file run-v6.csv (CSV, C-alpha atoms)
chain,number,residue,atom,x,y,z
A,1,MET,CA,-8.7,30.6,4.4
A,2,SER,CA,-8.0,31.4,0.8
A,3,ARG,CA,-9.4,29.0,-1.7
A,4,THR,CA,-8.6,28.6,-5.3
A,5,ASN,CA,-11.2,28.3,-8.0
A,6,ILE,CA,-9.2,27.8,-11.1
A,7,SER,CA,-10.6,25.9,-14.1
A,8,ASN,CA,-8.7,22.9,-15.4
A,9,GLU,CA,-8.1,24.8,-18.7
A,10,GLU,CA,-5.7,27.1,-16.8
A,11,PHE,CA,-3.6,24.2,-15.6
A,12,GLU,CA,-0.7,22.3,-17.2
A,13,LEU,CA,-0.8,18.5,-17.0
A,14,LEU,CA,2.3,17.3,-15.2
A,15,LEU,CA,1.6,13.6,-15.0
A,16,ALA,CA,-1.1,11.0,-14.8
A,17,ILE,CA,-1.0,7.5,-13.3
A,18,GLU,CA,-3.6,4.8,-13.6
A,19,ILE,CA,-3.7,1.6,-11.5
A,20,GLY,CA,-6.3,-1.1,-11.0
A,21,ILE,CA,-8.0,-0.5,-7.6
A,22,ARG,CA,-7.5,-4.2,-6.7
A,23,ASP,CA,-3.7,-3.9,-7.3
A,24,PHE,CA,-3.5,-0.6,-5.5
A,25,SER,CA,-5.5,-1.8,-2.4
A,26,SER,CA,-3.4,-5.0,-2.2
A,27,SER,CA,-0.6,-3.2,-0.2
A,28,TRP,CA,-0.7,-0.2,2.1
A,29,ALA,CA,2.9,0.5,1.1
A,30,TYR,CA,1.7,1.6,-2.4
A,31,CYS,CA,0.3,4.9,-0.9
A,32,ASP,CA,3.8,5.9,0.3
A,33,ARG,CA,5.6,4.6,-2.8
A,34,LEU,CA,3.3,6.4,-5.3
A,35,SER,CA,3.2,9.6,-3.3
A,36,SER,CA,7.0,9.7,-3.0
A,37,TYR,CA,7.6,8.9,-6.7
A,38,ILE,CA,5.1,11.5,-7.9
A,39,ALA,CA,6.5,14.1,-5.6
A,40,ARG,CA,10.0,13.6,-6.8
A,41,MET,CA,8.8,13.7,-10.4
A,42,ILE,CA,7.0,17.0,-10.1
A,43,GLY,CA,9.2,18.7,-7.4
A,44,HIS,CA,12.5,18.9,-9.4
A,45,ASN,CA,12.0,22.5,-10.6
A,46,ARG,CA,10.9,24.1,-7.3
A,47,THR,CA,13.0,26.5,-5.4
A,48,ASP,CA,13.6,24.1,-2.5
A,49,SER,CA,12.8,20.8,-4.3
A,50,LEU,CA,13.5,18.6,-1.2
A,51,LEU,CA,11.1,20.6,1.0
A,52,TYR,CA,8.5,20.9,-1.8
A,53,SER,CA,8.7,17.1,-2.5
A,54,ASN,CA,8.3,16.3,1.2
A,55,LEU,CA,5.2,18.5,1.6
A,56,PHE,CA,3.6,17.3,-1.7
A,57,SER,CA,4.3,13.7,-0.8
A,58,SER,CA,2.7,14.1,2.6
A,59,ALA,CA,-0.4,15.7,1.1
A,60,LEU,CA,-0.8,13.1,-1.7
A,61,ASN,CA,-0.2,10.3,0.7
A,62,GLU,CA,-3.2,11.5,2.8
A,63,LEU,CA,-5.4,11.4,-0.3
A,64,LEU,CA,-4.1,8.0,-1.3
A,65,GLU,CA,-4.6,6.5,2.2
A,66,THR,CA,-8.2,7.7,2.2
A,67,ALA,CA,-8.7,6.0,-1.2
A,68,PHE,CA,-7.0,2.9,0.1
A,69,ARG,CA,-9.5,2.7,3.0
A,70,LEU,CA,-12.6,3.6,1.1
A,71,HIS,CA,-13.0,2.4,-2.5
A,72,GLY,CA,-15.0,0.1,-4.7
A,73,HIS,CA,-14.1,-3.4,-5.7
A,74,ASP,CA,-13.5,-2.8,-9.4
A,75,GLY,CA,-12.2,-0.1,-11.7
A,76,LYS,CA,-9.1,2.1,-12.0
A,77,LEU,CA,-7.6,4.5,-9.5
A,78,VAL,CA,-6.4,7.5,-11.5
A,79,CYS,CA,-4.1,10.2,-10.1
A,80,THR,CA,-3.6,13.3,-12.2
A,81,VAL,CA,-1.3,16.1,-11.2
A,82,LEU,CA,-1.6,19.6,-12.8
A,83,ARG,CA,0.0,22.9,-12.2
A,84,ASN,CA,-0.9,26.6,-12.5
A,85,SER,CA,2.0,28.8,-11.4
A,86,GLY,CA,2.1,28.2,-7.6
A,87,THR,CA,-0.9,26.0,-7.4
A,88,ASP,CA,-0.8,22.3,-7.8
A,89,ARG,CA,-3.9,20.3,-8.4
A,90,ILE,CA,-4.3,16.6,-7.6
A,91,GLU,CA,-7.3,14.9,-9.1
A,92,LEU,CA,-7.8,11.4,-7.7
A,93,THR,CA,-10.5,9.3,-9.4
A,94,ILE,CA,-11.7,6.6,-7.0
A,95,PRO,CA,-14.0,3.8,-8.1
A,96,CYS,CA,-16.7,3.4,-5.4
A,97,ASP,CA,-20.3,2.5,-4.7
A,98,ALA,CA,-23.1,4.8,-3.5
A,99,GLU,CA,-22.2,4.3,0.2
A,100,HIS,CA,-18.6,5.4,-0.3
A,101,GLN,CA,-19.6,8.2,-2.6
A,102,GLU,CA,-21.8,9.5,0.3
A,103,PHE,CA,-18.8,9.3,2.7
A,104,TYR,CA,-16.8,11.5,0.3
A,105,ARG,CA,-19.7,13.9,-0.2
A,106,ARG,CA,-20.2,14.3,3.6
A,107,THR,CA,-16.4,14.7,4.2
A,108,ILE,CA,-16.0,17.3,1.5
A,109,ASP,CA,-19.0,19.2,3.0
A,110,ARG,CA,-17.2,19.1,6.4
A,111,VAL,CA,-13.8,20.3,5.1
A,112,THR,CA,-15.3,23.1,3.1
A,113,SER,CA,-17.5,24.3,6.0
A,114,PRO,CA,-16.6,27.5,8.0
A,115,ASP,CA,-15.9,25.4,11.1
A,116,ALA,CA,-13.6,22.9,9.4
A,117,ALA,CA,-10.7,23.6,11.8
A,118,GLU,CA,-13.0,22.9,14.8
A,119,GLN,CA,-14.3,19.7,13.3
A,120,TYR,CA,-10.7,18.6,12.6
A,121,ARG,CA,-9.6,19.2,16.1
A,122,HIS,CA,-12.7,17.4,17.4
A,123,ALA,CA,-12.0,14.4,15.2
A,124,LEU,CA,-8.3,14.2,16.2
A,125,PHE,CA,-9.0,14.2,19.9
A,126,ALA,CA,-12.2,12.1,20.0
A,127,ASP,CA,-12.3,8.9,21.9
A,128,GLY,CA,-12.7,5.7,19.9
A,129,PRO,CA,-11.7,4.8,16.4
A,130,LEU,CA,-10.2,7.6,14.2
A,131,ASP,CA,-12.6,9.3,11.9
A,132,PRO,CA,-11.9,8.1,8.3
A,133,GLY,CA,-12.2,11.6,7.0
A,134,VAL,CA,-9.5,13.0,9.3
A,135,GLY,CA,-6.8,12.9,6.5
A,136,LEU,CA,-8.9,15.1,4.2
A,137,MET,CA,-9.6,17.4,7.2
A,138,GLU,CA,-5.9,17.7,7.8
A,139,LEU,CA,-5.3,18.7,4.2
A,140,ALA,CA,-8.0,21.4,4.4
A,141,VAL,CA,-6.9,22.8,7.7
A,142,ASP,CA,-3.1,22.3,7.9
A,143,TYR,CA,-2.3,22.6,4.1
A,144,ASN,CA,-5.1,25.1,3.3
A,145,ALA,CA,-6.2,22.8,0.5
A,146,ALA,CA,-9.2,23.7,-1.5
A,147,MET,CA,-11.2,20.6,-2.2
A,148,ARG,CA,-14.2,19.6,-4.2
A,149,LEU,CA,-15.9,16.4,-5.4
A,150,GLU,CA,-17.3,15.3,-8.7
A,151,THR,CA,-19.2,12.1,-9.6
A,152,VAL,CA,-17.8,10.1,-12.5
A,153,ASN,CA,-20.1,7.9,-14.5
A,154,GLY,CA,-22.1,7.0,-11.3
A,155,ASP,CA,-19.5,4.4,-10.2
A,156,ALA,CA,-16.6,6.7,-9.1
A,157,VAL,CA,-15.8,10.0,-7.6
A,158,ARG,CA,-13.1,12.5,-8.5
A,159,LEU,CA,-11.6,14.2,-5.5
A,160,VAL,CA,-10.0,17.5,-6.6
A,161,ALA,CA,-7.5,19.2,-4.2
A,162,ASP,CA,-5.6,22.4,-4.9
A,163,PHE,CA,-2.5,23.2,-2.9
A,164,ALA,CA,-0.2,26.2,-2.9
A,165,LEU,CA,2.9,24.7,-1.3
A,166,GLU,CA,5.4,27.2,-2.6
A,167,GLU,CA,5.1,30.8,-3.9
A,168,SER,CA,5.3,31.1,-7.7
A,169,GLU,CA,8.5,32.7,-9.1
A,170,ARG,CA,6.8,33.7,-12.3

call {"tool": "encode", "arguments": {"input": "run-v6.csv", "output": "structure tokens"}}
result
Amino acid sequence: MSRTNISNEEFELLLAIEIGIRDFSSSWAYCDRLSSYIARMIGHNRTDSLLYSNLFSSALNELLETAFRLHGHDGKLVCTVLRNSGTDRIELTIPCDAEHQEFYRRTIDRVTSPDAAEQYRHALFADGPLDPGVGLMELAVDYNAAMRLETVNGDAVRLVADFALEESER
């Protein structure tokens, strides 16, 4: 798997949205609505804007659904989208306590491990409740997303995911 390691200085800001976590977590439908809206906003200038918007919306929706399930009680959910040629970066800042931060750390360790694909398949076909990290595993394996996690002020995490959904024409 190729993984990007591009600094933020090399990215152009496309948009940023901030919403109170209580408001965001009040309706599951917000995950789909936000991901669809953002994908249409940033996909307009891609070669196949419809295909691109669908792929981007699906990827962002997985991130938002994970945040919907696992977040803190107070604070702002911040979604920032940046671009560097053919790579789009989603930065999702999620307010959360130490327990949820640990979930995100463990999950990012899993998706960045050499056996991420095997772990993903195991999580998909395991008996019992669905692993809450399966959406992030899907992004790493099926979308070849490069992901990392940063702690923000001790009361939030910033999940950074890089995607190359379309080849750059530049």

call {"tool": "residues_around", "arguments": {"input": "run-v6.csv", "residues": "stretch 12-27 of chain A", "least_positions_apart": "5", "cutoff": "12 Å", "atoms": "only C-alpha atoms", "output": "PyMOL selection string"}}
result
chain A and resi 6-7+32-35+37-45+64-96+156

call {"tool": "closest_residue", "arguments": {"input": "run-v6.csv", "among": "A:Gln119, A:Ala145, A:Val134, A:Ala140", "to": "A:Phe103", "atoms": "all atoms listed in the file"}}
result
A:Val134

call {"tool": "atom_distance", "arguments": {"input": "run-v6.csv", "atom1": "atom CA of A:Phe125", "atom2": "atom CA of A:Ala29"}}
result
26.1 Å

call {"tool": "atom_distance", "arguments": {"input": "run-v6.csv", "atom1": "atom CA of A:Leu63", "atom2": "atom CA of A:Gly135"}}
result
7.1 Å

call {"tool": "closest_residue", "arguments": {"input": "run-v6.csv", "among": "A:Ala126, A:Leu50, A:Ala59, A:Ala98", "to": "A:Asp142", "atoms": "only C-alpha atoms"}}
result
A:Ala59

call {"tool": "atom_distance", "arguments": {"input": "run-v6.csv", "atom1": "atom CA of A:Arg110", "atom2": "atom CA of A:Gly154"}}
result
22.0 Å

call {"tool": "closest_residue", "arguments": {"input": "run-v6.csv", "among": "A:Glu118, A:Tyr52, A:Arg105, A:Cys31", "to": "A:Arg158", "atoms": "only C-alpha atoms"}}
result
A:Arg105

call {"tool": "closest_residue", "arguments": {"input": "run-v6.csv", "among": "A:Glu138, A:Ala164, A:Arg106, A:Val111", "to": "A:Leu124", "atoms": "all atoms listed in the file"}}
result
A:Glu138

call {"tool": "decode", "arguments": {"input": "run-v6.csv", "residues": "stretch 89-116 of chain A", "atoms": "N, CA, C and O atoms", "output": "mmCIF file, in the first residue's frame"}}
result
data_model
loop_
_atom_site.group_PDB
_atom_site.id
_atom_site.type_symbol
_atom_site.label_atom_id
_atom_site.label_comp_id
_atom_site.auth_asym_id
_atom_site.auth_seq_id
_atom_site.Cartn_x
_atom_site.Cartn_y
_atom_site.Cartn_z
ATOM 1 N N ARG A 89 -7.196 15.494 1.744
ATOM 2 C CA ARG A 89 -7.014 15.224 3.171
ATOM 3 C C ARG A 89 -8.261 15.663 3.915
ATOM 4 O O ARG A 89 -8.729 16.783 3.763
ATOM 5 N N ILE A 90 -8.776 14.751 4.734
ATOM 6 C CA ILE A 90 -9.869 15.076 5.640
ATOM 7 C C ILE A 90 -9.288 15.090 7.045
ATOM 8 O O ILE A 90 -8.653 14.118 7.461
ATOM 9 N N GLU A 91 -9.489 16.180 7.731
ATOM 10 C CA GLU A 91 -9.111 16.279 9.140
ATOM 11 C C GLU A 91 -10.396 16.412 9.934
ATOM 12 O O GLU A 91 -11.146 17.377 9.752
ATOM 13 N N LEU A 92 -10.643 15.445 10.783
ATOM 14 C CA LEU A 92 -11.848 15.434 11.590
ATOM 15 C C LEU A 92 -11.442 15.538 13.055
ATOM 16 O O LEU A 92 -10.819 14.630 13.595
ATOM 17 N N THR A 93 -11.760 16.673 13.658
ATOM 18 C CA THR A 93 -11.460 16.880 15.073
ATOM 19 C C THR A 93 -12.701 16.496 15.860
ATOM 20 O O THR A 93 -13.782 17.047 15.655
ATOM 21 N N ILE A 94 -12.514 15.524 16.765
ATOM 22 C CA ILE A 94 -13.619 14.912 17.491
ATOM 23 C C ILE A 94 -13.397 15.114 18.984
ATOM 24 O O ILE A 94 -12.402 14.621 19.532
ATOM 25 N N PRO A 95 -14.289 15.826 19.655
ATOM 26 C CA PRO A 95 -14.143 15.945 21.104
ATOM 27 C C PRO A 95 -14.380 14.589 21.755
ATOM 28 O O PRO A 95 -15.323 13.880 21.396
ATOM 29 N N CYS A 96 -13.471 14.192 22.651
ATOM 30 C CA CYS A 96 -13.666 12.900 23.311
ATOM 31 C C CYS A 96 -12.811 12.790 24.567
ATOM 32 O O CYS A 96 -11.791 13.462 24.708
ATOM 33 N N ASP A 97 -13.262 11.919 25.452
ATOM 34 C CA ASP A 97 -12.563 11.668 26.711
ATOM 35 C C ASP A 97 -11.423 10.669 26.486
ATOM 36 O O ASP A 97 -11.211 10.180 25.386
ATOM 37 N N ALA A 98 -10.711 10.363 27.549
ATOM 38 C CA ALA A 98 -9.541 9.478 27.462
ATOM 39 C C ALA A 98 -9.902 8.091 26.934
ATOM 40 O O ALA A 98 -9.150 7.497 26.151
ATOM 41 N N GLU A 99 -11.052 7.557 27.315
ATOM 42 C CA GLU A 99 -11.463 6.225 26.859
ATOM 43 C C GLU A 99 -11.670 6.203 25.339
ATOM 44 O O GLU A 99 -11.218 5.287 24.657
ATOM 45 N N HIS A 100 -12.348 7.205 24.826
ATOM 46 C CA HIS A 100 -12.565 7.271 23.381
ATOM 47 C C HIS A 100 -11.269 7.573 22.632
ATOM 48 O O HIS A 100 -11.048 7.056 21.529
ATOM 49 N N GLN A 101 -10.410 8.384 23.228
ATOM 50 C CA GLN A 101 -9.112 8.645 22.604
ATOM 51 C C GLN A 101 -8.332 7.342 22.460
ATOM 52 O O GLN A 101 -7.686 7.114 21.436
ATOM 53 N N GLU A 102 -8.423 6.494 23.465
ATOM 54 C CA GLU A 102 -7.736 5.198 23.411
ATOM 55 C C GLU A 102 -8.307 4.322 22.295
ATOM 56 O O GLU A 102 -7.571 3.628 21.601
ATOM 57 N N PHE A 103 -9.628 4.334 22.126
ATOM 58 C CA PHE A 103 -10.230 3.591 21.013
ATOM 59 C C PHE A 103 -9.629 4.056 19.683
ATOM 60 O O PHE A 103 -9.229 3.242 18.853
ATOM 61 N N TYR A 104 -9.580 5.368 19.479
ATOM 62 C CA TYR A 104 -9.039 5.896 18.223
ATOM 63 C C TYR A 104 -7.567 5.519 18.054
ATOM 64 O O TYR A 104 -7.145 5.141 16.959
ATOM 65 N N ARG A 105 -6.790 5.586 19.131
ATOM 66 C CA ARG A 105 -5.372 5.200 19.042
ATOM 67 C C ARG A 105 -5.213 3.730 18.644
ATOM 68 O O ARG A 105 -4.437 3.392 17.760
ATOM 69 N N ARG A 106 -5.946 2.871 19.318
ATOM 70 C CA ARG A 106 -5.877 1.437 19.012
ATOM 71 C C ARG A 106 -6.315 1.152 17.574
ATOM 72 O O ARG A 106 -5.701 0.351 16.877
ATOM 73 N N THR A 107 -7.369 1.807 17.150
ATOM 74 C CA THR A 107 -7.877 1.566 15.801
ATOM 75 C C THR A 107 -6.897 2.062 14.751
ATOM 76 O O THR A 107 -6.648 1.362 13.754
ATOM 77 N N ILE A 108 -6.298 3.213 14.941
ATOM 78 C CA ILE A 108 -5.309 3.717 13.979
ATOM 79 C C ILE A 108 -4.093 2.802 13.966
ATOM 80 O O ILE A 108 -3.528 2.526 12.909
ATOM 81 N N ASP A 109 -3.700 2.285 15.120
ATOM 82 C CA ASP A 109 -2.601 1.303 15.145
ATOM 83 C C ASP A 109 -2.962 0.084 14.301
ATOM 84 O O ASP A 109 -2.124 -0.446 13.574
ATOM 85 N N ARG A 110 -4.208 -0.353 14.389
ATOM 86 C CA ARG A 110 -4.644 -1.521 13.607
ATOM 87 C C ARG A 110 -4.645 -1.225 12.111
ATOM 88 O O ARG A 110 -4.194 -2.045 11.318
ATOM 89 N N VAL A 111 -5.164 -0.061 11.723
ATOM 90 C CA VAL A 111 -5.290 0.219 10.283
ATOM 91 C C VAL A 111 -3.962 0.565 9.631
ATOM 92 O O VAL A 111 -3.842 0.509 8.416
ATOM 93 N N THR A 112 -2.974 0.896 10.432
ATOM 94 C CA THR A 112 -1.650 1.199 9.873
ATOM 95 C C THR A 112 -0.692 0.016 10.004
ATOM 96 O O THR A 112 0.464 0.120 9.622
ATOM 97 N N SER A 113 -1.187 -1.084 10.529
ATOM 98 C CA SER A 113 -0.330 -2.266 10.693
ATOM 99 C C SER A 113 -0.206 -3.017 9.365
ATOM 100 O O SER A 113 -1.068 -2.897 8.490
ATOM 101 N N PRO A 114 0.857 -3.810 9.222
ATOM 102 C CA PRO A 114 1.043 -4.579 7.979
ATOM 103 C C PRO A 114 -0.081 -5.580 7.699
ATOM 104 O O PRO A 114 -0.335 -5.915 6.551
ATOM 105 N N ASP A 115 -0.777 -6.040 8.733
ATOM 106 C CA ASP A 115 -1.852 -7.014 8.522
ATOM 107 C C ASP A 115 -3.239 -6.369 8.610
ATOM 108 O O ASP A 115 -4.222 -7.021 8.963
ATOM 109 N N ALA A 116 -3.344 -5.100 8.234
ATOM 110 C CA ALA A 116 -4.620 -4.375 8.310
ATOM 111 C C ALA A 116 -5.714 -5.059 7.501
ATOM 112 O O ALA A 116 -6.864 -5.158 7.951
#
